[in-house]
Every structure is written in structure tokens, then in C-alpha cells.
$ cat data_11.tsv   # TSV, C-alpha atoms and all ligand atoms
chain	number	residue	atom	x	y	z
F	293	MET	CA	87.60	70.16	100.49
F	294	THR	CA	83.91	70.57	101.34
F	295	ASP	CA	81.09	69.56	99.04
F	296	LEU	CA	78.12	71.19	100.75
F	297	PRO	CA	75.22	72.04	98.42
F	298	ASP	CA	75.85	75.79	98.91
F	299	ASP	CA	79.60	75.45	98.39
F	300	PRO	CA	80.50	78.43	96.14
F	301	THR	CA	83.37	76.44	94.62
F	302	LEU	CA	80.81	74.14	92.99
F	303	ASP	CA	79.10	77.01	91.18
F	304	PRO	CA	80.21	76.80	87.52
F	305	GLU	CA	79.01	80.35	86.75
F	306	ARG	CA	81.24	81.75	89.55
F	307	HIS	CA	84.20	79.69	88.34
F	308	THR	CA	83.85	80.90	84.74
F	309	ARG	CA	83.42	84.51	85.87
F	310	ILE	CA	86.59	84.51	88.00
F	311	VAL	CA	88.69	82.69	85.41
F	312	SER	CA	87.68	85.01	82.58
F	313	LEU	CA	88.06	88.12	84.77
F	314	TRP	CA	91.74	87.33	85.32
F	315	SER	CA	92.50	85.64	81.97
F	316	ASP	CA	91.21	88.43	79.72
F	317	GLY	CA	93.63	91.17	78.78
F	318	SER	CA	97.26	90.45	79.64
F	319	TYR	CA	97.70	90.25	83.41
F	320	GLU	CA	101.36	89.40	82.74
F	321	ASP	CA	101.95	93.11	81.89
F	322	ILE	CA	100.37	94.25	85.15
F	323	GLY	CA	102.05	91.52	87.17
F	324	ALA	CA	105.42	92.74	85.84
F	325	LEU	CA	104.81	96.00	87.74
F	326	PHE	CA	104.25	94.09	90.99
F	327	GLU	CA	107.30	91.84	90.72
F	328	PRO	CA	109.62	94.05	92.86
F	329	ILE	CA	107.14	93.67	95.73
F	330	SER	CA	107.35	89.87	95.54
F	331	ARG	CA	111.14	89.96	95.41
F	332	GLU	CA	111.39	92.33	98.38
F	333	LEU	CA	108.89	90.35	100.45
F	334	VAL	CA	110.54	87.01	99.75
F	335	ALA	CA	113.96	88.41	100.69
F	336	GLU	CA	112.57	89.65	104.02
F	337	LEU	CA	110.74	86.42	104.81
F	338	ASP	CA	113.94	84.38	104.58
F	339	LEU	CA	112.26	81.36	102.98
F	340	ALA	CA	115.32	79.23	102.10
F	341	GLY	CA	114.73	75.59	103.03
F	342	LEU	CA	111.04	76.17	103.91
F	343	ARG	CA	107.91	74.65	102.35
F	344	VAL	CA	106.02	77.56	100.84
F	345	LEU	CA	102.64	77.99	99.14
F	346	ASP	CA	102.10	80.92	96.78
F	347	ALA	CA	98.30	81.21	96.87
F	348	ALA	CA	96.80	82.86	93.75
F	349	THR	CA	100.16	82.94	92.06
F	350	GLY	CA	98.96	84.61	88.84
F	351	THR	CA	101.98	84.65	86.55
F	352	GLY	CA	104.20	83.29	89.32
F	353	ASN	CA	105.93	86.40	90.72
F	354	THR	CA	106.11	85.25	94.34
F	355	ALA	CA	106.50	81.54	93.61
F	356	ILE	CA	109.49	82.15	91.34
F	357	ALA	CA	111.11	84.56	93.81
F	358	ALA	CA	110.63	82.04	96.64
F	359	ALA	CA	111.96	79.08	94.65
F	360	SER	CA	114.92	81.17	93.49
F	361	ALA	CA	115.61	81.91	97.17
F	362	GLY	CA	115.82	78.18	97.95
F	363	ALA	CA	112.29	77.38	99.15
F	364	THR	CA	110.31	74.29	98.13
F	365	VAL	CA	107.33	75.87	96.45
F	366	ASP	CA	103.76	74.93	95.57
F	367	ALA	CA	101.68	77.51	93.75
F	368	CYS	CA	98.01	77.60	92.83
F	369	ASP	CA	95.59	79.79	90.96
F	370	LEU	CA	92.15	79.43	89.41
F	371	ALA	CA	93.16	80.77	85.98
F	372	PRO	CA	94.79	78.12	83.74
F	373	ARG	CA	96.12	80.69	81.25
F	374	LEU	CA	98.04	82.51	83.97
F	375	LEU	CA	99.37	79.21	85.33
F	376	ASP	CA	100.73	78.43	81.85
F	377	VAL	CA	102.54	81.77	81.80
F	378	ALA	CA	103.86	81.06	85.32
F	379	ARG	CA	105.12	77.59	84.29
F	380	ASP	CA	106.99	79.09	81.31
F	381	ARG	CA	108.52	81.78	83.50
F	382	ALA	CA	109.58	79.22	86.12
F	383	ALA	CA	111.21	77.08	83.41
F	384	ALA	CA	113.04	80.14	82.08
F	385	ALA	CA	114.25	80.87	85.63
F	386	SER	CA	115.30	77.19	86.03
F	387	VAL	CA	113.24	76.67	89.17
F	388	ASP	CA	110.99	73.75	90.07
F	389	ILE	CA	107.51	74.71	91.30
F	390	ALA	CA	104.45	72.46	91.72
F	391	PHE	CA	101.75	74.53	89.99
F	392	VAL	CA	98.13	73.46	90.53
F	393	GLU	CA	94.80	74.84	89.35
F	394	ALA	CA	92.85	75.42	92.58
F	395	ASP	CA	90.39	77.68	94.34
F	396	LEU	CA	91.54	79.60	97.41
F	397	LEU	CA	88.21	78.70	98.99
F	398	ALA	CA	89.05	74.97	98.83
F	399	LEU	CA	92.79	74.40	98.77
F	400	PRO	CA	93.84	70.90	97.68
F	401	TYR	CA	96.47	70.55	100.43
F	402	GLU	CA	96.46	68.72	103.76
F	403	ASP	CA	96.28	70.68	107.02
F	404	ASP	CA	99.68	72.04	108.22
F	405	SER	CA	101.35	71.44	104.83
F	406	PHE	CA	103.45	74.62	104.66
F	407	ASP	CA	105.87	76.62	106.80
F	408	ALA	CA	104.74	79.79	105.05
F	409	VAL	CA	101.76	80.70	102.87
F	410	VAL	CA	102.12	83.87	100.82
F	411	SER	CA	99.48	85.60	98.73
F	412	THR	CA	100.55	88.80	96.98
F	413	PHE	CA	97.45	90.68	95.79
F	414	GLY	CA	95.66	87.32	95.50
F	415	ALA	CA	93.65	86.56	98.65
F	416	PHE	CA	92.34	90.14	98.78
F	417	THR	CA	90.51	89.60	95.46
F	418	VAL	CA	88.71	86.46	96.64
F	419	ASP	CA	84.93	86.68	96.98
F	420	ASP	CA	84.62	85.04	100.45
F	421	PRO	CA	87.43	86.58	102.56
F	422	ALA	CA	86.69	84.71	105.80
F	423	ARG	CA	86.62	81.30	104.13
F	424	CYS	CA	89.74	82.19	102.14
F	425	ALA	CA	91.58	83.17	105.34
F	426	ARG	CA	90.47	79.92	106.99
F	427	GLU	CA	91.92	77.92	104.12
F	428	LEU	CA	95.23	79.81	104.08
F	429	VAL	CA	95.57	79.31	107.85
F	430	ARG	CA	94.50	75.66	107.70
F	431	VAL	CA	97.27	74.65	105.28
F	432	CYS	CA	99.93	76.57	107.26
F	433	ARG	CA	101.58	74.77	110.17
F	434	PRO	CA	101.15	76.11	113.73
F	435	ASP	CA	103.59	79.01	114.28
F	436	GLY	CA	103.96	79.29	110.52
F	437	ARG	CA	103.26	82.59	108.74
F	438	VAL	CA	100.49	83.52	106.33
F	439	VAL	CA	101.58	86.71	104.56
F	440	THR	CA	99.28	88.67	102.29
F	441	THR	CA	99.46	91.97	100.45
F	442	ALA	CA	96.55	94.19	99.44
F	443	TRP	CA	96.17	97.64	97.89
F	444	GLY	CA	95.09	100.28	100.37
F	445	ASP	CA	92.99	103.39	99.97
F	446	ARG	CA	95.60	105.78	98.53
F	447	GLY	CA	97.41	105.78	95.22
F	448	VAL	CA	97.02	104.80	91.61
F	449	PHE	CA	94.40	102.06	92.04
F	450	ALA	CA	92.36	103.74	94.77
F	451	THR	CA	92.13	106.94	92.72
F	452	SER	CA	91.01	105.19	89.55
F	453	LEU	CA	88.43	103.09	91.40
F	454	GLU	CA	87.03	106.21	93.04
F	455	VAL	CA	86.50	107.75	89.59
F	456	ILE	CA	85.11	104.52	88.12
F	457	ALA	CA	82.62	104.26	91.02
F	458	ARG	CA	81.03	107.55	89.87
F	459	GLU	CA	80.01	105.82	86.63
F	460	LEU	CA	79.56	102.34	88.11
F	461	PRO	CA	78.48	102.64	91.76
F	462	GLU	CA	78.28	98.86	92.25
F	463	VAL	CA	82.11	98.60	92.25
F	464	ASP	CA	81.79	99.93	95.81
F	465	ASP	CA	79.05	97.52	96.87
F	466	PRO	CA	78.55	98.00	100.64
F	467	GLN	CA	77.01	94.50	100.84
F	468	GLY	CA	80.00	92.77	99.20
F	469	PRO	CA	83.46	92.11	100.63
F	470	ASP	CA	85.79	95.13	100.63
F	471	PRO	CA	89.23	94.10	99.32
F	472	ARG	CA	90.76	97.00	101.28
F	473	ASP	CA	89.93	95.12	104.50
F	474	TRP	CA	93.07	93.07	103.81
F	475	ALA	CA	95.18	96.25	103.87
F	476	ASP	CA	94.66	97.42	107.46
F	477	LEU	CA	94.76	95.91	110.91
F	478	ASP	CA	91.07	96.26	111.81
F	479	GLY	CA	90.04	94.85	108.44
F	480	VAL	CA	92.35	91.85	108.67
F	481	ARG	CA	91.18	91.20	112.24
F	482	ASP	CA	87.61	91.07	110.90
F	483	VAL	CA	88.63	88.71	108.10
F	484	VAL	CA	90.35	86.27	110.50
F	485	ALA	CA	87.75	86.56	113.29
F	486	GLY	CA	87.35	83.21	115.05
F	487	LEU	CA	90.73	81.81	113.96
F	488	ASP	CA	93.54	81.19	116.44
F	489	VAL	CA	95.98	83.66	114.94
F	490	GLU	CA	97.95	86.76	115.73
F	491	VAL	CA	97.94	89.54	113.17
F	492	ARG	CA	100.09	92.52	112.30
F	493	VAL	CA	99.87	94.79	109.28
F	494	GLU	CA	102.55	97.07	107.89
F	495	GLN	CA	101.81	99.94	105.50
F	496	ARG	CA	104.07	100.41	102.49
F	497	THR	CA	104.18	102.36	99.23
F	498	ILE	CA	105.51	101.31	95.84
F	499	TRP	CA	106.20	103.79	93.03
F	500	PHE	CA	105.43	102.53	89.51
F	501	ARG	CA	107.22	104.11	86.56
F	502	PHE	CA	105.36	104.91	83.31
F	503	PRO	CA	106.28	106.90	80.17
F	504	SER	CA	103.38	109.29	80.92
F	505	LEU	CA	100.04	109.39	82.77
F	506	PRO	CA	98.03	108.61	79.58
F	507	ALA	CA	100.39	105.68	78.93
F	508	ALA	CA	99.69	104.39	82.44
F	509	PHE	CA	95.96	104.55	81.79
F	510	ASP	CA	96.43	102.83	78.40
F	511	LEU	CA	98.25	99.95	80.09
F	512	PHE	CA	95.52	99.27	82.67
F	513	GLU	CA	92.80	99.76	80.05
F	514	VAL	CA	94.10	97.00	77.77
F	515	ALA	CA	95.92	94.66	80.16
F	516	SER	CA	93.68	94.46	83.21
F	517	GLY	CA	90.77	92.02	83.10
F	518	PRO	CA	88.89	93.93	85.84
F	519	TYR	CA	89.31	97.23	83.92
F	520	LEU	CA	88.06	95.57	80.71
F	521	ARG	CA	84.95	94.40	82.59
F	522	MET	CA	84.30	97.80	84.17
F	523	ARG	CA	84.77	99.57	80.83
F	524	ALA	CA	82.25	97.25	79.11
F	525	ALA	CA	79.70	97.81	81.89
F	526	ILE	CA	80.14	101.60	81.78
F	527	GLU	CA	79.94	101.81	77.96
F	528	GLU	CA	76.80	99.70	77.98
F	529	ARG	CA	75.16	102.44	80.06
F	530	ASP	CA	76.73	105.38	78.26
F	531	PRO	CA	79.14	105.13	75.31
F	532	GLN	CA	80.85	108.35	76.51
F	533	GLY	CA	81.25	107.11	80.10
F	534	TRP	CA	84.69	105.59	79.67
F	535	ASN	CA	86.06	108.76	78.04
F	536	ARG	CA	85.03	110.63	81.18
F	537	VAL	CA	86.74	107.98	83.31
F	538	ARG	CA	89.97	108.33	81.31
F	539	ARG	CA	89.95	112.14	81.64
F	540	ASP	CA	89.13	112.14	85.37
F	541	VAL	CA	91.48	109.31	86.34
F	542	ILE	CA	94.40	111.03	84.63
F	543	ALA	CA	93.44	114.33	86.31
F	544	GLY	CA	93.18	112.50	89.66
F	545	TRP	CA	96.65	111.00	89.20
F	546	GLU	CA	98.31	114.36	88.43
F	547	PRO	CA	98.68	115.53	92.06
F	548	LEU	CA	100.06	112.09	93.05
F	549	ALA	CA	102.68	111.88	90.30
F	550	ARG	CA	106.36	112.72	90.52
F	551	SER	CA	108.97	112.91	87.74
F	552	GLY	CA	110.75	109.68	86.93
F	553	VAL	CA	114.53	109.66	87.35
F	554	ASP	CA	115.20	109.12	83.64
F	555	GLY	CA	112.10	110.79	82.21
F	556	GLY	CA	108.52	109.68	82.45
F	557	VAL	CA	106.41	109.74	85.61
F	558	GLU	CA	106.08	107.72	88.78
F	559	LEU	CA	102.82	106.97	90.53
F	560	PRO	CA	102.48	105.62	94.07
F	561	ALA	CA	100.31	102.81	95.36
F	562	ASP	CA	99.88	102.20	99.08
F	563	TYR	CA	99.59	98.61	100.20
F	564	GLY	CA	99.34	96.67	103.42
F	565	VAL	CA	101.45	93.64	104.24
F	566	ALA	CA	99.53	91.43	106.68
F	567	THR	CA	101.34	88.77	108.67
F	568	ILE	CA	98.99	86.23	110.21
F	569	VAL	CA	100.72	83.82	112.55
F	570	ARG	CA	98.84	80.67	113.31
F	571	THR	CA	98.85	79.91	117.00
F	572	SER	CA	97.46	76.63	118.32
F	573	GLY	CA	94.20	74.80	117.69
F	574	THR	CA	93.13	76.41	114.37
O	601	LIG	C1	95.95	90.61	91.10
O	601	LIG	S1	96.29	88.96	90.66
O	601	LIG	C2	97.72	88.61	91.67
O	601	LIG	C3	98.62	87.55	91.09
O	601	LIG	C4	99.99	87.34	91.73
O	601	LIG	N1	99.90	86.82	93.08
O	601	LIG	C5	100.88	88.56	91.69
O	601	LIG	O1	101.39	88.98	92.75
O	601	LIG	O2	101.08	89.10	90.59
O	601	LIG	C6	94.98	88.06	91.42
O	601	LIG	C7	95.03	86.58	91.17
O	601	LIG	O3	94.07	85.92	91.99
O	601	LIG	C8	93.54	84.81	91.27
O	601	LIG	N2	92.26	84.43	91.90
O	601	LIG	C9	91.16	85.20	92.07
O	601	LIG	N3	90.21	84.51	92.73
O	601	LIG	C10	90.73	83.27	93.00
O	601	LIG	C11	90.24	82.11	93.67
O	601	LIG	N4	89.02	82.08	94.20
O	601	LIG	N5	91.05	81.03	93.75
O	601	LIG	C12	92.30	81.05	93.20
O	601	LIG	N6	92.82	82.12	92.56
O	601	LIG	C13	92.04	83.23	92.46
O	601	LIG	C14	93.43	85.35	89.86
O	601	LIG	O4	93.31	84.33	88.90
O	601	LIG	C15	94.72	86.16	89.73
O	601	LIG	O5	95.77	85.38	89.24

$ encode --input "data_11.tsv" --output "C-alpha cells"
Amino acid sequence: MTDLPDDPTLDPERHTRIVSLWSDGSYEDIGALFEPISRELVAELDLAGLRVLDAATGTGNTAIAAASAGATVDACDLAPRLLDVARDRAAAASVDIAFVEADLLALPYEDDSFDAVVSTFGAFTVDDPARCARELVRVCRPDGRVVTTAWGDRGVFATSLEVIARELPEVDDPQGPDPRDWADLDGVRDVVAGLDVEVRVEQRTIWFRFPSLPAAFDLFEVASGPYLRMRAAIEERDPQGWNRVRRDVIAGWEPLARSGVDGGVELPADYGVATIVRTSGT
């Protein structure tokens, strides 16, 4: 762990901002939608008997799937409230996981600690992608796999962010890191530039089921910390702004939606699965 004067991990304002962003609302309700992705990924990665880190575990989706599949699992996240939920879920699933509060920019693990490092929709949210990638690769052994998932530029999240950006242009800050970089090959290559790794990225789509499109919007509006933040910022500028967002997001989702098998609707979200294999000397 570095302790340089400009080390972002030492900035208490940044720490508080990230923790409250992900602790507000009820991420557990959003994470429940993502759980099938963790289960599918873990089954494919064949993690039984391996030492695995779930980096930015949130409510523990990937950690619990990996431990249930027979891996020895460490899991970390910056948000203590989510770690508490993850610990309870792991206990209910009767799996042992070493949960730790930690920053992905300064992981509290020795070099080469893990056979596989997985980060489902975690690393792509981190504010310094290159440093985050360096940390994930550092704690993975040579020839081990770092596997990350990130939402791409089509589907339920991309559409809503496009609408939100009309009211709040800074969500698309060209100076800041673009989380979508983690979802395609060129972007991931940029993120890992300078590291001794090989990269591949696979594009996938998940369909989420909701009772209706307004019900889908209601869920994100109350459960997602980032949506709560964006709503507050928009309403501060214009009290009617969020009503426009609701109307236009739902209208934007309509052409994407399909009927659910037993009623309701399904909405797609494209995501990239990046596999970063550490070669030698990193
Ligand atoms: C979208 S959630 C994904 C959670 C989980 N991996 C899943 O698949 O449901 C993003 C997570 O990243 C965590 N996070 C964001 N920035 C972080 C950082 N710098 N260090 C550690 N965790 C961070 C948040 O607390 C949150 O739990």
C-alpha cells in the first residue's frame, strides 16, 4: 500500500463520497438482479480449489457463488454496510469468506496472492482505472486470471444514462474515466497499458425481468445510490427535471423491452466480460 502525499486513498472526502454513494438506497435490491451473472461466470471459471479474490464484492454475489463452488475466497469492498449484508448472506449460505473493508486502489494483499481475481461491476466504477487494474493484476499470480464485468453502451443502463445526461451533462465528463472502457477490448487495453498482461473481452447480454417499465424505473430510483445522487443534483437545478427523466427513460426503454414469459416485461443490458491474464514480470 502506498502512502504518497497525493495518494487518493488518503483523501477522506473521496472515501466518504464513495461509501455513501454505494451505501445509500438499497444496493441489495439491485445486486439481486445481477446475481445470475455471478453464478454463470463462476461456473464457467471453474474455481473449485483455487484462491479467489472478489474485488468490490458489494453484497457478496460473486464471493458467495465462488465459495459455494469450492473456492477459498477473500472479498473486499469500501462500503461497510454492504459488507455486513454480504457477511449475513454468506452465513445464510453456510460458506466461509474472509471479508475485508478495502480500497481497490490499495489492496491489502501481498503480490501473487490469488489464482483468480474477479470483479463483477466493481472495478469499472473505480475512479482511477489504471491504478485499479494494476492492483488487481499485482495480487493475482502469474498466469492467473483477472476477470471483470462492465455494462456496455446498449441496454437499460446506457439508455437511462443517456437521458440523465441531458439534464446533468457532467455524468458524461470527457475528462473523467469512462466506465464503459472496461466493456470493450480497446478500452480494456487502454486501462491495462504498461502491464504485462494479455486481454480478451467477450460481449454478452442479460435480460432483467420487471412487473412493468414504470416499476423498473421505481426500483432504480429508490434502490440505487448513484440514481439517488443524480436525482438530487437534477432537482436542485430544476424541480421538474426528474419527472422529465422518468418519462423519457421509460419511453427510451419501450423499444428495447420484450414481454416476460409469465407476464411483466424484460429489459436487456449489454455487458463485457474482460479476462486479463497476467504474464510475467508485472
Ligand atoms: C455496482 S456495485 C457491484 C457489487 C458486486 N460486485 C456485484 O456484482 O453486485 C459496485 C461496488 O463497488 C464498490 N466500490 C466502488 N469504489 C470502490 C473502491 N474504490 N474500492 C472498493 N470498492 C469500491 C462499491 O462499494 C460497490 O459495492

$ residues_near_ligand --input "data_11.tsv" --ligand "ligand LIG 601 (chain O)" --cutoff "9 Å" --atoms "all atoms listed in the file" --output "PyMOL selection string"
chain F and resi 301+307+310-315+319-320+322-327+329-330+346-355+368-375+393-399+410-420+424+441

$ residues_around --input "data_11.tsv" --residues "F:Ile389" --least-positions-apart "6" --cutoff "9 Å" --atoms "only C-alpha atoms" --output "PyMOL selection string"
chain F and resi 355-356+359+364-367+379+382

$ atom_distance --input "data_11.tsv" --atom1 "atom CA of F:Asp540" --atom2 "atom CA of F:Gly468"
25.5 Å

$ residues_near_point --input "data_11.tsv" --point "(108.3, 88.6, 101.1)" --cutoff "9 Å" --atoms "all atoms listed in the file" --output "list in words"
Ile329, Ser330, Arg331, Glu332, Leu333, Val334, Ala335, Glu336, Leu337, Asp338, Leu339, Thr354, Ala357, Ala358, Val410, Thr412 and Val439 of chain F

$ closest_residue --input "data_11.tsv" --among "F:Pro531, F:Pro400, F:Pro304, F:Gly447" --to "F:Glu558" --atoms "all atoms listed in the file"
F:Gly447

$ residues_around --input "data_11.tsv" --residues "F:Val455" --least-positions-apart "4" --cutoff "7 Å" --atoms "only C-alpha atoms" --output "JSON, numbers by chain"
{"F": [451, 537, 540, 541]}

$ residues_around --input "data_11.tsv" --residues "F:Ala442" --least-positions-apart "3" --cutoff "7 Å" --atoms "all atoms listed in the file" --output "list of chain:residue names"
F:Phe413, F:Phe416, F:Arg472, F:Trp474, F:Ala475, F:Tyr563, F:Gly564, F:Val565

$ atom_distance --input "data_11.tsv" --atom1 "atom CA of F:Glu305" --atom2 "atom CA of F:Phe391"
23.7 Å

$ atom_distance --input "data_11.tsv" --atom1 "atom CA of F:Gly362" --atom2 "atom CA of F:Glu494"
25.1 Å

$ residues_near_point --input "data_11.tsv" --point "(87.2, 99.8, 86.7)" --cutoff "10 Å" --atoms "only C-alpha atoms" --output "PyMOL selection string"
chain F and resi 449+452-457+459-460+463+512-513+516-526+534+537

$ closest_residue --input "data_11.tsv" --among "F:Ala543, F:Arg529, F:Arg430, F:Ala566" --to "F:Asp473" --atoms "all atoms listed in the file"
F:Ala566

$ build_atoms --input "data_11.tsv" --residues "stretch 309-336 of chain F" --atoms "N, CA and C atoms" --output "CSV table (one decimal), in the coordinates of the input"
chain,number,residue,atom,x,y,z
F,309,ARG,N,83.3,83.1,85.7
F,309,ARG,CA,83.4,84.5,85.9
F,309,ARG,C,84.8,84.9,86.4
F,310,ILE,N,85.3,84.2,87.4
F,310,ILE,CA,86.6,84.5,88.0
F,310,ILE,C,87.7,84.2,87.0
F,311,VAL,N,87.6,83.1,86.3
F,311,VAL,CA,88.7,82.7,85.4
F,311,VAL,C,88.8,83.7,84.3
F,312,SER,N,87.6,84.1,83.7
F,312,SER,CA,87.7,85.0,82.6
F,312,SER,C,88.1,86.4,83.0
F,313,LEU,N,87.7,86.8,84.2
F,313,LEU,CA,88.1,88.1,84.8
F,313,LEU,C,89.6,88.3,84.8
F,314,TRP,N,90.3,87.2,85.2
F,314,TRP,CA,91.7,87.3,85.3
F,314,TRP,C,92.5,86.9,84.1
F,315,SER,N,91.8,86.1,83.2
F,315,SER,CA,92.5,85.6,82.0
F,315,SER,C,92.4,86.6,80.8
F,316,ASP,N,91.4,87.5,80.8
F,316,ASP,CA,91.2,88.4,79.7
F,316,ASP,C,92.3,89.5,79.9
F,317,GLY,N,92.6,90.2,78.8
F,317,GLY,CA,93.6,91.2,78.8
F,317,GLY,C,95.0,90.5,78.9
F,318,SER,N,95.9,91.1,79.5
F,318,SER,CA,97.3,90.4,79.6
F,318,SER,C,97.8,90.8,81.0
F,319,TYR,N,97.3,90.0,82.0
F,319,TYR,CA,97.7,90.2,83.4
F,319,TYR,C,99.2,90.2,83.5
F,320,GLU,N,99.9,89.5,82.6
F,320,GLU,CA,101.4,89.4,82.7
F,320,GLU,C,102.0,90.8,82.7
F,321,ASP,N,101.4,91.7,82.0
F,321,ASP,CA,102.0,93.1,81.9
F,321,ASP,C,101.7,93.9,83.2
F,322,ILE,N,100.6,93.6,83.9
F,322,ILE,CA,100.4,94.2,85.2
F,322,ILE,C,101.2,93.6,86.2
F,323,GLY,N,101.3,92.3,86.2
F,323,GLY,CA,102.0,91.5,87.2
F,323,GLY,C,103.5,91.9,87.1
F,324,ALA,N,104.0,92.3,85.9
F,324,ALA,CA,105.4,92.7,85.8
F,324,ALA,C,105.7,94.0,86.7
F,325,LEU,N,104.7,94.8,86.9
F,325,LEU,CA,104.8,96.0,87.7
F,325,LEU,C,105.0,95.6,89.2
F,326,PHE,N,104.3,94.5,89.6
F,326,PHE,CA,104.2,94.1,91.0
F,326,PHE,C,105.5,93.2,91.4
F,327,GLU,N,106.2,92.8,90.4
F,327,GLU,CA,107.3,91.8,90.7
F,327,GLU,C,108.3,92.3,91.8
F,328,PRO,N,108.7,93.6,91.8
F,328,PRO,CA,109.6,94.0,92.9
F,328,PRO,C,109.1,93.8,94.3
F,329,ILE,N,107.7,93.9,94.4
F,329,ILE,CA,107.1,93.7,95.7
F,329,ILE,C,107.4,92.2,96.1
F,330,SER,N,107.1,91.3,95.2
F,330,SER,CA,107.4,89.9,95.5
F,330,SER,C,108.8,89.6,95.9
F,331,ARG,N,109.7,90.2,95.1
F,331,ARG,CA,111.1,90.0,95.4
F,331,ARG,C,111.5,90.5,96.8
F,332,GLU,N,111.1,91.7,97.1
F,332,GLU,CA,111.4,92.3,98.4
F,332,GLU,C,110.8,91.5,99.5
F,333,LEU,N,109.6,91.1,99.4
F,333,LEU,CA,108.9,90.4,100.4
F,333,LEU,C,109.6,89.0,100.7
F,334,VAL,N,109.9,88.3,99.6
F,334,VAL,CA,110.5,87.0,99.8
F,334,VAL,C,111.9,87.2,100.4
F,335,ALA,N,112.6,88.2,100.1
F,335,ALA,CA,114.0,88.4,100.7
F,335,ALA,C,113.8,88.6,102.2
F,336,GLU,N,112.8,89.4,102.6
F,336,GLU,CA,112.6,89.6,104.0
F,336,GLU,C,112.1,88.4,104.8
